[in-house]
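These notes are about the structure you will find just below.
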Amino acid sequence: MNLCVRKRRINIEREGAKFGWEQQAQKMVSLSNSRLPVVDVGTNVVVRVRDLDRGRLSPRNVLTVVVDVNSSGLYLLGTKEGLLEWLYARNEFTTADNNFIEAHDVPSTSLSLRSDSIITSGSKQGFFSCHCKRYCIDKKGKCLSKNMKCNSICHSNSSCKNKLFLSLFLITPTLHVFLSINN
């Protein structure tokens, strides 16, 4: 079989697969729109933040407002911090009881749902790992540059100078436990 004929057949199959994906997406959106009522522009909605995108202190939901609806029935949502970078189908959010945000209050900056959740909660918590190979003496590592102690996520180097060490001392007759923290 000729190489050109083979490539042509592969391209035809790829175009057919793409067409099938587009049809499936349109079918899913139309099914979602038929089951759930249409939401007007300016209505406040609540979007659930996935557990993977949410920090420990971040809220489970983000309050947004519908800014625009495109021809496919997908919704552009915005918060007080900016526009969310993804378009959402109707089944990905629920309507809020009250209107807290107006559509004209949304700035034109784009941000992800995860970063909006972090900004909304005011949480500065993050997970840093320095992955240093030696003693963590200089400020090249992420932990030391952020004035944080290294932990088990960073590395298992026992000679780290920036690790938080806990040692227990037991005094046998009285069984007192003292906790000493070494820097």
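Chain lettering (A, B, ...) mirrors the order of the structure tokens, residue numbering begins at 1 for each chain separately, and ligand numbering begins at 1 in order of display.
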Give me the residues within 6 Å of stretch 35-44 of chain A as a PyMOL selection string, counting only C-alpha atoms and dropping any in the same chain fewer than 4 places off. chain A and resi 64-68+96+99+103
For stretch 19-30 of chain A, work out the shell of residues within 7 Å, counting only C-alpha atoms and skipping chain neighbours fewer than 3 positions away, then give it as a PyMOL selection string.
-> chain A and resi 15-16+33-34+73+89
Using N, CA and C atoms, can you export the residues from the last selection as a tab-separated table (two decimals), in the first residue's frame?
chain	number	residue	atom	x	y	z
A	15	GLU	N	-10.73	12.88	10.82
A	15	GLU	CA	-11.84	13.82	10.60
A	15	GLU	C	-13.17	13.23	11.04
A	16	GLY	N	-13.35	11.93	10.78
A	16	GLY	CA	-14.56	11.25	11.23
A	16	GLY	C	-14.66	11.20	12.74
A	33	ASN	N	-29.37	21.21	28.46
A	33	ASN	CA	-30.26	22.37	28.34
A	33	ASN	C	-31.73	21.98	28.41
A	34	SER	N	-32.07	20.78	27.95
A	34	SER	CA	-33.47	20.36	28.01
A	34	SER	C	-33.89	19.98	29.43
A	73	GLY	N	-24.78	27.28	24.00
A	73	GLY	CA	-25.42	27.11	25.30
A	73	GLY	C	-24.44	27.03	26.44
A	89	ALA	N	-21.05	24.39	31.18
A	89	ALA	CA	-22.36	23.89	30.77
A	89	ALA	C	-23.33	24.12	31.92
**Report entry** Residue neighbourhood A:Leu74, 8 Å, only C-alpha atoms, exclusion window fewer than 3 positions, as number ranges by chain
**Finding:** A: 29, 69-71, 87-90
What does the file look like for those residues with C-alpha atoms, as a tab-separated table (two decimals), in the first residue's frame?
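Saved result, part-v5.tsv, follows:
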chain	number	residue	atom	x	y	z
A	29	VAL	CA	-25.18	20.20	25.78
A	69	VAL	CA	-24.11	32.77	26.96
A	70	ASN	CA	-22.72	31.62	23.61
A	71	SER	CA	-24.60	30.00	20.74
A	87	LEU	CA	-16.96	28.05	29.63
A	88	TYR	CA	-19.42	26.08	31.75
A	89	ALA	CA	-22.36	23.89	30.77
A	90	ARG	CA	-25.62	24.36	32.62
Would you please give, as a PDB file with C-alpha atoms, in the first residue's frame, all residues of stretch 10-90 of chain A that DSSP assigns to alpha helix (DSSP H) based on the backbone?
ATOM      1  CA  ILE A  10      -5.645   8.129   8.483  1.00  0.00           C
ATOM      2  CA  ASN A  11      -6.693  11.766   7.947  1.00  0.00           C
ATOM      3  CA  ILE A  12     -10.189  10.655   6.882  1.00  0.00           C
ATOM      4  CA  GLU A  13     -10.490   8.551  10.052  1.00  0.00           C
ATOM      5  CA  ARG A  14      -9.284  11.478  12.178  1.00  0.00           C
ATOM      6  CA  GLU A  15     -11.836  13.824  10.597  1.00  0.00           C
ATOM      7  CA  GLY A  16     -14.564  11.252  11.227  1.00  0.00           C
ATOM      8  CA  ALA A  17     -13.514  10.934  14.867  1.00  0.00           C
ATOM      9  CA  LYS A  18     -13.479  14.711  15.274  1.00  0.00           C
ATOM     10  CA  PHE A  19     -16.933  14.975  13.751  1.00  0.00           C
ATOM     11  CA  GLY A  20     -18.173  12.246  16.121  1.00  0.00           C
ATOM     12  CA  TRP A  21     -16.744  14.085  19.150  1.00  0.00           C
ATOM     13  CA  GLU A  22     -18.404  17.326  18.066  1.00  0.00           C
ATOM     14  CA  GLN A  23     -21.753  15.593  17.600  1.00  0.00           C
ATOM     15  CA  GLN A  24     -21.456  13.961  21.027  1.00  0.00           C
ATOM     16  CA  ALA A  25     -20.638  17.317  22.642  1.00  0.00           C
ATOM     17  CA  GLN A  26     -23.634  18.985  20.980  1.00  0.00           C
ATOM     18  CA  LYS A  27     -25.859  16.125  22.097  1.00  0.00           C
ATOM     19  CA  MET A  28     -24.653  16.412  25.705  1.00  0.00           C
ATOM     20  CA  VAL A  29     -25.175  20.200  25.782  1.00  0.00           C
ATOM     21  CA  SER A  30     -28.662  19.937  24.269  1.00  0.00           C
ATOM     22  CA  LEU A  31     -29.595  17.192  26.762  1.00  0.00           C
ATOM     23  CA  SER A  32     -28.335  19.338  29.631  1.00  0.00           C
ATOM     24  CA  ASN A  33     -30.257  22.373  28.335  1.00  0.00           C
ATOM     25  CA  SER A  34     -33.470  20.364  28.015  1.00  0.00           C
ATOM     26  CA  ARG A  35     -33.281  19.067  31.605  1.00  0.00           C
TER      27      ARG A  35
END
- request: Extract the full set of strand (DSSP E or B) residues from stretch 51-95 of chain A according to DSSP on the backbone, and format it as a list in words.
  value: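 Going through stretch 51-95 of chain A, the strand (DSSP E or B) residues come out as Asn61, Val62, Leu63, Thr64, Val65, Val66, Val67, Asp68, Val69, Tyr75, Leu76, Leu77, Gly78, Leu83, Leu84, Glu85, Trp86, Leu87, Tyr88, Phe93, Thr94 and Thr95 of chain A.
Picture a line from atom CA of A:Ser72 to atom CA of A:Arg48; it runs 21.7 Å.
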